[in-house]
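Asks: Provided herewith is a single structure, encoded as structure tokens, for subsequent inquiry.
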Amino acid sequence: MSPEFSSVNIIAWLEEQGDQVYNSLPFGLVKMTTDGIIVAYNKAESDIAGVATENAIGKHFFTGVAPCTNNFMVAEKYNSPDVDEEMDYMFTYVTQPTKVRLRLLKSVGHSHQYLLVKKR
Amino acid sequence: MMNDTAAMQKQVQKMLSIIHQIPVGLVESDLSGAITQINAKGVQLLMPFFMHYELADANNILSLLDKMLPGFAAVVRAFNKESGNIVLQENYGIDLRKKDSRDTRHFFFTVNKIDANSLSFMFDDITEFYERERKINQVLHDQAVEKSKFEMASNILHDIGNAVVGFGSYLTRVKRHLLEYDHDTLINLENFFRKQQPQLIPIFGETKTQALLDLLDGLILNQKKSKEELNKSLGEQMNIVTHISEILNIQRQYIRGQESTIRDKVSIRNIVNDCFSMLMPTLHKRNIIVQSNIPVDLPLIIGDKTRLMQVFLNLLKNAAESIVIGESHTRQIDIVARVENDELEVIIKDTGAGIDPDVLPKLFTRGVTTKTEGNGLGLANCRSIIESHDGRLILKSGGTGMGAEAIAHFKI
């Protein structure tokens, strides 16, 4: 049974999964290295942001794919070793404002950091 | 085959993607401020403010501007033309609390009314440019102040210099007049009276004639004395004028040195020998012996010849003056130059009055002097000049009456 958007310890579970599971999730998921390079970008996220998965993989998330998050509210929070925070935010689908809820995830001992996204 | 509408739609989509990615915040809203389109940079820049002002909906830019820049939104709302520019590239400072610190961000805004129903906002955070420009302006301002200080000092020195030269030439004229004024006339008169004494006695009587001759004698003696006094005093004044001129010259060179430095390979041997030649008459008059030991093959250093000459002239003069003040039995200056630990070392040692150990550390401070007539600028300038050559100037003395040693080190 797959976890919810706000489930505790979700990061440990996400670390174990692959693209097939990610694409079945009911919320958007961006999996990055701790340097911000995208290693997985699921279908839900692609639908919310309007960016094709193949155009996202390998790029730097905060500067190359979602510059709207490149500020102290989102990107800079990943400078801490541990992050688990939810917030209301806005994405733009091309230039259409899209209200979203974000969950920022990073934890010492895991090799990836995550951004979970769902529409409000 | 793609029809025109589809092609155009594709083109529009492409254009929107470009707009989405451009690194300036862009927002389209209706007249009430409700956001209809926003690009990525727009979100990046505005979201922190929406959160900061607790506008969780983040959907109305005029509501946000009401909080960010009171009065700004009013200007936009008051615009009553069909379309046109409302605000053009205006800069605004906005206070933003970031975590625990307070932070002023600088934004530029351009606002246009596109048509009867929509507004466009263009903006960017220009804090870094603003701060950089502010710093550059500050530096330019400081440089201008510094430059005008030097110019002012230079002008003042120039004016004082002119006045001193004028004063000196008047003194010379007075001295010349004094020399031309011949008291031989009085002596001749006295001789005349003395020769005519036998003829004068019957007229004035013996006592009065003798008194007349005594009076003339007294006059001659008085005049001789006052002429000597005047001459001596004029001589002293001339010395003071020369001294002031020298100080002014050093100061002028020093100020000029702030503006430009001419650096070339120079021979310390030649410089010291030139200084010695310039001071030779003074040293000779004061019965000071100079022993110089400067090897011919001394390495050259990179430096400013004029300024280094000022240094060694000053150090040699100090040594000579110290010998005069100290009334030393042995009146000798030793000049030694040598290579020591990869440095060129020049030592000027005198047998003069020496320096009190309490005064020694303060001697490089401007205004501190041991001389009764000094102004305390010489050594401070010497050190500045030597340091501007990457060198060091050290002063040593065994104490009062023990003579002193000035040691200059230069990198080879």
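Lettering and numbering for the structure tokens are positional, with chains as A, B, ... in the shown order, residues counted from 1 in each chain, and ligands counted from 1 in the shown order.
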At a cut-off of 8 Å, list the chain B residues touching chain A, using only C-alpha atoms, as an MDAnalysis selection string.
Replies: chainID B and resid 16:17 19:21 35:45 47:48 56 58
Asks: What does the structure give for the distance between atom CA of B:Ile247 and atom CA of B:Leu179, in Å to one decimal?
Replies: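 Interatomic distance, atom CA of B:Ile247 to atom CA of B:Leu179: 29.3 Å.
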Asks: Env of B:Gly399: 10 Å cut, atoms = only C-alpha atoms, seq-sep filter 3 positions within chain, self excluded. Answer as a PDB file with N, CA and C atoms, in the first residue's frame.
Replies:
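File written: around02.pdb
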ATOM      1  N   ALA B 353      73.849  63.889  19.586  1.00  0.00           N
ATOM      2  CA  ALA B 353      73.190  63.989  20.893  1.00  0.00           C
ATOM      3  C   ALA B 353      72.482  62.709  21.337  1.00  0.00           C
ATOM      4  N   GLY B 354      72.240  61.795  20.393  1.00  0.00           N
ATOM      5  CA  GLY B 354      71.546  60.559  20.760  1.00  0.00           C
ATOM      6  C   GLY B 354      70.060  60.796  21.002  1.00  0.00           C
ATOM      7  N   ILE B 355      69.356  59.714  21.307  1.00  0.00           N
ATOM      8  CA  ILE B 355      67.911  59.840  21.489  1.00  0.00           C
ATOM      9  C   ILE B 355      67.514  59.180  22.803  1.00  0.00           C
ATOM     10  N   ASP B 356      66.725  59.884  23.566  1.00  0.00           N
ATOM     11  CA  ASP B 356      66.174  59.357  24.813  1.00  0.00           C
ATOM     12  C   ASP B 356      65.348  58.102  24.494  1.00  0.00           C
ATOM     13  N   PRO B 357      65.562  57.006  25.226  1.00  0.00           N
ATOM     14  CA  PRO B 357      64.802  55.775  24.914  1.00  0.00           C
ATOM     15  C   PRO B 357      63.282  55.965  24.977  1.00  0.00           C
ATOM     16  N   ASP B 358      62.814  56.940  25.776  1.00  0.00           N
ATOM     17  CA  ASP B 358      61.369  57.181  25.863  1.00  0.00           C
ATOM     18  C   ASP B 358      60.835  57.839  24.590  1.00  0.00           C
ATOM     19  N   VAL B 359      61.694  58.647  23.972  1.00  0.00           N
ATOM     20  CA  VAL B 359      61.261  59.396  22.779  1.00  0.00           C
ATOM     21  C   VAL B 359      61.382  58.527  21.527  1.00  0.00           C
ATOM     22  N   LEU B 360      62.391  57.642  21.542  1.00  0.00           N
ATOM     23  CA  LEU B 360      62.709  56.826  20.359  1.00  0.00           C
ATOM     24  C   LEU B 360      61.508  56.191  19.657  1.00  0.00           C
ATOM     25  N   LYS B 396      68.092  53.639  15.869  1.00  0.00           N
ATOM     26  CA  LYS B 396      68.655  53.064  17.086  1.00  0.00           C
ATOM     27  C   LYS B 396      69.470  54.118  17.798  1.00  0.00           C
ATOM     28  N   MET B 402      74.718  59.389  23.304  1.00  0.00           N
ATOM     29  CA  MET B 402      75.366  58.180  22.780  1.00  0.00           C
ATOM     30  C   MET B 402      75.340  58.096  21.251  1.00  0.00           C
ATOM     31  N   GLY B 403      74.900  59.153  20.583  1.00  0.00           N
ATOM     32  CA  GLY B 403      74.813  59.099  19.121  1.00  0.00           C
ATOM     33  C   GLY B 403      73.609  58.291  18.672  1.00  0.00           C
ATOM     34  N   ALA B 404      73.381  58.233  17.371  1.00  0.00           N
ATOM     35  CA  ALA B 404      72.225  57.501  16.856  1.00  0.00           C
ATOM     36  C   ALA B 404      72.575  56.848  15.530  1.00  0.00           C
TER      37      ALA B 404
END
Asks: I need the strand (DSSP E) residues of stretch 78-203 of chain B per DSSP on the backbone, written as a ChimeraX atom specification.
Replies: /B:84-98,101-115,118-125
Asks: Export, as a compact mmCIF listing (two decimals), in the first residue's frame, the selected residues with N, CA and C atoms.
Replies:
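Just written: result_21.txt:
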# COMPACT_ATOMS: atom_id res chain seq x y z
N GLY B 84 -1.75 52.11 -21.82
CA GLY B 84 -0.55 52.95 -21.76
C GLY B 84 0.35 52.60 -20.60
N ASN B 85 1.47 53.31 -20.52
CA ASN B 85 2.44 53.03 -19.46
C ASN B 85 2.04 53.75 -18.17
N ILE B 86 2.07 53.01 -17.07
CA ILE B 86 1.70 53.59 -15.77
C ILE B 86 2.96 53.88 -14.94
N VAL B 87 3.84 52.90 -14.87
CA VAL B 87 5.09 53.07 -14.13
C VAL B 87 6.20 52.57 -15.04
N LEU B 88 7.31 53.34 -15.15
CA LEU B 88 8.38 52.93 -16.04
C LEU B 88 9.70 52.81 -15.28
N GLN B 89 10.17 51.58 -15.16
CA GLN B 89 11.50 51.30 -14.57
C GLN B 89 11.75 52.06 -13.27
N GLU B 90 10.75 52.08 -12.39
CA GLU B 90 10.95 52.78 -11.12
C GLU B 90 11.59 51.83 -10.11
N ASN B 91 12.48 52.35 -9.30
CA ASN B 91 13.12 51.51 -8.28
C ASN B 91 12.46 51.74 -6.92
N TYR B 92 12.28 50.65 -6.20
CA TYR B 92 11.66 50.74 -4.87
C TYR B 92 12.42 49.88 -3.88
N GLY B 93 12.53 50.38 -2.64
CA GLY B 93 13.12 49.59 -1.56
C GLY B 93 11.99 48.98 -0.75
N ILE B 94 12.08 47.65 -0.52
CA ILE B 94 11.02 46.96 0.20
C ILE B 94 11.63 46.24 1.40
N ASP B 95 11.04 46.45 2.56
CA ASP B 95 11.53 45.75 3.76
C ASP B 95 10.95 44.35 3.81
N LEU B 96 11.83 43.40 3.98
CA LEU B 96 11.37 42.01 4.04
C LEU B 96 12.05 41.34 5.22
N ARG B 97 11.24 40.80 6.10
CA ARG B 97 11.85 40.10 7.22
C ARG B 97 12.20 38.69 6.76
N LYS B 98 13.47 38.36 6.87
CA LYS B 98 13.92 37.04 6.42
C LYS B 98 14.45 36.32 7.64
N SER B 101 16.35 38.18 10.58
CA SER B 101 16.96 39.46 10.21
C SER B 101 16.02 40.29 9.34
N ARG B 102 16.27 41.57 9.32
CA ARG B 102 15.49 42.45 8.49
C ARG B 102 16.32 42.76 7.25
N ASP B 103 15.64 42.77 6.12
CA ASP B 103 16.38 42.77 4.88
C ASP B 103 15.65 43.74 3.94
N THR B 104 16.38 44.69 3.40
CA THR B 104 15.73 45.58 2.43
C THR B 104 16.08 45.11 1.03
N ARG B 105 15.05 44.81 0.26
CA ARG B 105 15.26 44.38 -1.12
C ARG B 105 14.93 45.56 -2.03
N HIS B 106 15.66 45.65 -3.13
CA HIS B 106 15.38 46.72 -4.09
C HIS B 106 14.82 46.11 -5.36
N PHE B 107 13.68 46.59 -5.76
CA PHE B 107 12.98 46.08 -6.95
C PHE B 107 12.80 47.19 -7.96
N PHE B 108 12.82 46.81 -9.23
CA PHE B 108 12.33 47.77 -10.22
C PHE B 108 10.98 47.26 -10.70
N PHE B 109 10.13 48.18 -11.05
CA PHE B 109 8.79 47.84 -11.57
C PHE B 109 8.48 48.63 -12.83
N THR B 110 7.90 47.93 -13.80
CA THR B 110 7.29 48.62 -14.94
C THR B 110 5.87 48.09 -15.02
N VAL B 111 4.91 48.98 -15.08
CA VAL B 111 3.51 48.55 -15.16
C VAL B 111 2.85 49.20 -16.37
N ASN B 112 2.18 48.37 -17.15
CA ASN B 112 1.46 48.88 -18.32
C ASN B 112 0.01 48.44 -18.27
N LYS B 113 -0.84 49.30 -18.79
CA LYS B 113 -2.24 48.87 -19.00
C LYS B 113 -2.30 48.43 -20.45
N ILE B 114 -2.52 47.13 -20.65
CA ILE B 114 -2.45 46.58 -22.02
C ILE B 114 -3.72 46.95 -22.80
N ASP B 115 -4.85 46.72 -22.14
CA ASP B 115 -6.13 47.08 -22.77
C ASP B 115 -7.12 47.39 -21.66
N SER B 118 -6.82 44.52 -18.87
CA SER B 118 -5.62 43.85 -18.32
C SER B 118 -4.44 44.77 -18.09
N LEU B 119 -3.69 44.34 -17.08
CA LEU B 119 -2.47 45.05 -16.68
C LEU B 119 -1.28 44.11 -16.83
N SER B 120 -0.12 44.65 -17.16
CA SER B 120 1.09 43.81 -17.13
C SER B 120 2.09 44.43 -16.17
N PHE B 121 2.74 43.56 -15.43
CA PHE B 121 3.75 43.98 -14.44
C PHE B 121 5.07 43.32 -14.80
N MET B 122 6.11 44.11 -14.86
CA MET B 122 7.44 43.59 -15.13
C MET B 122 8.31 44.02 -13.96
N PHE B 123 9.08 43.11 -13.38
CA PHE B 123 9.84 43.49 -12.18
C PHE B 123 11.04 42.57 -12.00
N ASP B 124 11.97 43.05 -11.22
CA ASP B 124 13.12 42.21 -10.88
C ASP B 124 13.71 42.71 -9.56
N ASP B 125 14.39 41.78 -8.92
CA ASP B 125 15.09 42.12 -7.68
C ASP B 125 16.47 42.62 -8.09
Asks: Between B:His158, B:Gln223, B:Val266, B:Ala319, which is the closest to B:Thr185 once you count only C-alpha atoms?
Replies: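 Result for the nearest residue to B:Thr185: B:Gln223.
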Asks: Could you give me the residues within stretch 12-75 of chain A that DSSP places in alpha helix (DSSP H), as a ChimeraX atom specification?
Replies: /A:12-16,19-24,43-49,53-56
Asks: Based on the selection just made, write C-alpha atoms of those residues as a tab-separated table (two decimals), in the first residue's frame.
Replies:
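Result saved to result_7.tsv:
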chain	number	residue	atom	x	y	z
A	12	ALA	CA	12.88	5.94	3.47
A	13	TRP	CA	10.15	4.29	1.42
A	14	LEU	CA	10.77	6.52	-1.63
A	15	GLU	CA	14.45	5.62	-1.59
A	16	GLU	CA	13.50	1.99	-2.21
A	19	ASP	CA	9.93	4.87	-11.79
A	20	GLN	CA	7.00	2.47	-12.07
A	21	VAL	CA	5.92	3.13	-8.50
A	22	TYR	CA	6.66	6.85	-8.79
A	23	ASN	CA	4.40	7.13	-11.87
A	24	SER	CA	1.55	5.46	-10.01
A	43	LYS	CA	3.92	11.65	-14.50
A	44	ALA	CA	1.78	13.57	-11.99
A	45	GLU	CA	4.50	16.19	-11.67
A	46	SER	CA	4.80	16.42	-15.43
A	47	ASP	CA	1.02	17.04	-15.65
A	48	ILE	CA	1.09	19.76	-12.97
A	49	ALA	CA	4.12	21.64	-14.27
A	53	THR	CA	9.83	13.81	-17.91
A	54	GLU	CA	12.56	13.40	-20.54
A	55	ASN	CA	13.11	17.17	-20.55
A	56	ALA	CA	13.55	17.20	-16.78
Asks: Pick the closest to B:Asp214 from B:Arg176, B:Glu190, B:Leu248, B:Ser388: which is it, counting only C-alpha atoms?
Replies: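 Checking each of B:Arg176, B:Glu190, B:Leu248, B:Ser388 against B:Asp214, counting only C-alpha atoms, the winner is B:Glu190.
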Asks: Name all residues at most 10 Å from stretch 298-311 of chain B (count only C-alpha atoms; drop same-chain ones fewer than 3 positions away) and give them as a JSON list (two decimals) with N, CA and C atoms, in the first residue's frame.
Replies:
[["chain", "number", "residue", "atom", "x", "y", "z"],
["B", 246, "GLU", "N", 62.89, 73.74, 2.52],
["B", 246, "GLU", "CA", 63.23, 72.32, 2.38],
["B", 246, "GLU", "C", 62.08, 71.43, 2.83],
["B", 247, "ILE", "N", 61.49, 71.81, 3.96],
["B", 247, "ILE", "CA", 60.36, 71.01, 4.46],
["B", 247, "ILE", "C", 59.23, 71.03, 3.42],
["B", 249, "ASN", "N", 59.44, 71.49, 0.25],
["B", 249, "ASN", "CA", 59.79, 70.68, -0.91],
["B", 249, "ASN", "C", 59.54, 69.21, -0.68],
["B", 250, "ILE", "N", 59.94, 68.76, 0.51],
["B", 250, "ILE", "CA", 59.73, 67.34, 0.82],
["B", 250, "ILE", "C", 58.23, 67.03, 0.83],
["B", 251, "GLN", "N", 57.45, 67.92, 1.46],
["B", 251, "GLN", "CA", 56.01, 67.71, 1.52],
["B", 251, "GLN", "C", 55.39, 67.69, 0.12],
["B", 253, "GLN", "N", 56.86, 66.95, -2.70],
["B", 253, "GLN", "CA", 57.26, 65.71, -3.36],
["B", 253, "GLN", "C", 56.42, 64.56, -2.85],
["B", 254, "TYR", "N", 56.18, 64.61, -1.54],
["B", 254, "TYR", "CA", 55.41, 63.53, -0.93],
["B", 254, "TYR", "C", 54.00, 63.49, -1.51],
["B", 257, "GLY", "N", 53.99, 62.38, -4.90],
["B", 257, "GLY", "CA", 54.22, 60.92, -4.89],
["B", 257, "GLY", "C", 52.94, 60.14, -4.72],
["B", 261, "THR", "N", 54.09, 57.53, -9.20],
["B", 261, "THR", "CA", 55.42, 57.15, -8.76],
["B", 261, "THR", "C", 56.23, 56.71, -9.97],
["B", 262, "ILE", "N", 57.39, 57.29, -10.08],
["B", 262, "ILE", "CA", 58.26, 56.88, -11.17],
["B", 262, "ILE", "C", 59.27, 55.91, -10.58],
["B", 263, "ARG", "N", 59.21, 54.69, -11.02],
["B", 263, "ARG", "CA", 60.09, 53.67, -10.48],
["B", 263, "ARG", "C", 61.06, 53.20, -11.55],
["B", 264, "ASP", "N", 62.31, 53.20, -11.17],
["B", 264, "ASP", "CA", 63.34, 52.78, -12.09],
["B", 264, "ASP", "C", 64.44, 52.11, -11.28],
["B", 265, "LYS", "N", 65.42, 51.53, -11.99],
["B", 265, "LYS", "CA", 66.57, 50.98, -11.28],
["B", 265, "LYS", "C", 67.43, 52.13, -10.81],
["B", 266, "VAL", "N", 67.70, 52.18, -9.51],
["B", 266, "VAL", "CA", 68.50, 53.29, -9.00],
["B", 266, "VAL", "C", 69.67, 52.76, -8.18],
["B", 267, "SER", "N", 70.73, 53.55, -8.16],
["B", 267, "SER", "CA", 71.92, 53.19, -7.39],
["B", 267, "SER", "C", 71.92, 53.96, -6.08],
["B", 268, "ILE", "N", 71.83, 53.21, -4.99],
["B", 268, "ILE", "CA", 71.84, 53.83, -3.67],
["B", 268, "ILE", "C", 73.19, 54.54, -3.45],
["B", 269, "ARG", "N", 74.23, 53.95, -4.01],
["B", 269, "ARG", "CA", 75.57, 54.55, -3.88],
["B", 269, "ARG", "C", 75.57, 55.97, -4.47],
["B", 270, "ASN", "N", 75.01, 56.08, -5.70],
["B", 270, "ASN", "CA", 74.97, 57.40, -6.33],
["B", 270, "ASN", "C", 74.10, 58.37, -5.54],
["B", 271, "ILE", "N", 72.95, 57.87, -5.08],
["B", 271, "ILE", "CA", 72.04, 58.74, -4.35],
["B", 271, "ILE", "C", 72.69, 59.28, -3.08],
["B", 272, "VAL", "N", 73.30, 58.37, -2.31],
["B", 272, "VAL", "CA", 73.91, 58.79, -1.04],
["B", 272, "VAL", "C", 75.08, 59.75, -1.32],
["B", 273, "ASN", "N", 75.87, 59.42, -2.35],
["B", 273, "ASN", "CA", 76.99, 60.31, -2.68],
["B", 273, "ASN", "C", 76.52, 61.69, -3.12],
["B", 274, "ASP", "N", 75.43, 61.74, -3.90],
["B", 274, "ASP", "CA", 74.86, 63.03, -4.31],
["B", 274, "ASP", "C", 74.43, 63.84, -3.09],
["B", 275, "CYS", "N", 73.76, 63.16, -2.17],
["B", 275, "CYS", "CA", 73.28, 63.84, -0.96],
["B", 275, "CYS", "C", 74.48, 64.39, -0.19],
["B", 294, "ILE", "N", 80.72, 52.58, 0.86],
["B", 294, "ILE", "CA", 79.68, 52.04, -0.01],
["B", 294, "ILE", "C", 80.35, 51.35, -1.19],
["B", 295, "PRO", "N", 80.23, 50.01, -1.27],
["B", 295, "PRO", "CA", 80.91, 49.29, -2.36],
["B", 295, "PRO", "C", 80.39, 49.72, -3.74],
["B", 314, "ASN", "N", 67.55, 63.97, 4.34],
["B", 314, "ASN", "CA", 66.95, 64.17, 5.64],
["B", 314, "ASN", "C", 67.73, 63.45, 6.74],
["B", 315, "LEU", "N", 68.10, 62.19, 6.46],
["B", 315, "LEU", "CA", 68.80, 61.41, 7.47],
["B", 315, "LEU", "C", 70.19, 62.00, 7.74],
["B", 316, "LEU", "N", 70.87, 62.45, 6.67],
["B", 316, "LEU", "CA", 72.20, 63.04, 6.85],
["B", 316, "LEU", "C", 72.11, 64.37, 7.60],
["B", 317, "LYS", "N", 71.08, 65.16, 7.27],
["B", 317, "LYS", "CA", 70.89, 66.44, 7.97],
["B", 317, "LYS", "C", 70.61, 66.20, 9.44],
["B", 337, "ALA", "N", 76.95, 50.98, 3.44],
["B", 337, "ALA", "CA", 75.91, 50.28, 2.68],
["B", 337, "ALA", "C", 76.42, 48.89, 2.38],
["B", 338, "ARG", "N", 75.56, 47.90, 2.52],
["B", 338, "ARG", "CA", 75.98, 46.51, 2.28],
["B", 338, "ARG", "C", 74.77, 45.62, 2.03],
["B", 339, "VAL", "N", 75.06, 44.43, 1.54],
["B", 339, "VAL", "CA", 74.00, 43.45, 1.36],
["B", 339, "VAL", "C", 74.01, 42.54, 2.57],
["B", 343, "GLU", "N", 69.04, 41.61, 1.65],
["B", 343, "GLU", "CA", 68.49, 42.95, 1.66],
["B", 343, "GLU", "C", 69.63, 43.95, 1.52],
["B", 344, "LEU", "N", 69.31, 45.09, 0.97],
["B", 344, "LEU", "CA", 70.31, 46.15, 0.92],
["B", 344, "LEU", "C", 70.13, 47.01, 2.16],
["B", 378, "GLY", "N", 59.96, 65.19, 9.15],
["B", 378, "GLY", "CA", 61.03, 64.54, 8.40],
["B", 378, "GLY", "C", 61.05, 63.03, 8.50],
["B", 379, "LEU", "N", 61.12, 62.53, 9.73],
["B", 379, "LEU", "CA", 61.28, 61.08, 9.89],
["B", 379, "LEU", "C", 60.04, 60.32, 9.47],
["B", 381, "ASN", "N", 58.01, 61.17, 7.15],
["B", 381, "ASN", "CA", 58.04, 61.11, 5.69],
["B", 381, "ASN", "C", 59.07, 60.12, 5.18],
["B", 382, "CYS", "N", 60.25, 60.13, 5.82],
["B", 382, "CYS", "CA", 61.30, 59.18, 5.43],
["B", 382, "CYS", "C", 60.76, 57.76, 5.49],
["B", 383, "ARG", "N", 60.10, 57.48, 6.60],
["B", 383, "ARG", "CA", 59.59, 56.12, 6.76],
["B", 383, "ARG", "C", 58.53, 55.82, 5.70],
["B", 384, "SER", "N", 57.61, 56.78, 5.47],
["B", 384, "SER", "CA", 56.58, 56.55, 4.44],
["B", 384, "SER", "C", 57.21, 56.26, 3.09],
["B", 385, "ILE", "N", 58.22, 57.06, 2.75],
["B", 385, "ILE", "CA", 58.86, 56.88, 1.44],
["B", 385, "ILE", "C", 59.53, 55.51, 1.36],
["B", 386, "ILE", "N", 60.26, 55.16, 2.41],
["B", 386, "ILE", "CA", 60.95, 53.86, 2.39],
["B", 386, "ILE", "C", 59.93, 52.72, 2.34],
["B", 388, "SER", "N", 57.04, 52.83, 1.05],
["B", 388, "SER", "CA", 56.45, 52.78, -0.29],
["B", 388, "SER", "C", 57.41, 52.09, -1.26],
["B", 389, "HIS", "N", 58.65, 51.86, -0.83],
["B", 389, "HIS", "CA", 59.61, 51.09, -1.63],
["B", 389, "HIS", "C", 59.73, 49.66, -1.09],
["B", 390, "ASP", "N", 58.73, 49.24, -0.33],
["B", 390, "ASP", "CA", 58.76, 47.91, 0.31],
["B", 390, "ASP", "C", 59.93, 47.76, 1.26],
["B", 408, "ALA", "N", 68.28, 51.81, 6.99],
["B", 408, "ALA", "CA", 67.24, 51.60, 5.97],
["B", 408, "ALA", "C", 67.49, 50.26, 5.29],
["B", 410, "PHE", "N", 66.24, 47.71, 2.14],
["B", 410, "PHE", "CA", 65.52, 47.64, 0.87],
["B", 410, "PHE", "C", 65.60, 46.23, 0.33],
["B", 411, "LYS", "N", 64.49, 45.81, -0.33],
["B", 411, "LYS", "CA", 64.54, 44.50, -1.01],
["B", 411, "LYS", "C", 65.38, 44.65, -2.27],
["B", 412, "ILE", "N", 66.15, 43.63, -2.57],
["B", 412, "ILE", "CA", 66.97, 43.70, -3.79],
["B", 412, "ILE", "C", 66.17, 43.13, -4.96]]
Asks: Might you pull out every residue within 9 Å of A:Phe5, with only C-alpha atoms counted and same-chain residues fewer than 5 positions away left off, and present them as a PyMOL selection string?
Replies: chain A and resi 10+26-27+103+116-118
Asks: Go ahead and save the residues from that selection, with C-alpha atoms, as a CSV table (one decimal), in the first residue's frame.
Replies:
chain,number,residue,atom,x,y,z
A,10,ILE,CA,8.0,8.6,3.4
A,26,PRO,CA,-1.3,10.4,-6.9
A,27,PHE,CA,0.9,13.4,-6.4
A,103,ARG,CA,6.4,19.0,0.7
A,116,LEU,CA,6.3,16.4,-3.5
A,117,VAL,CA,3.7,18.4,-5.3
A,118,LYS,CA,-0.1,18.3,-5.3
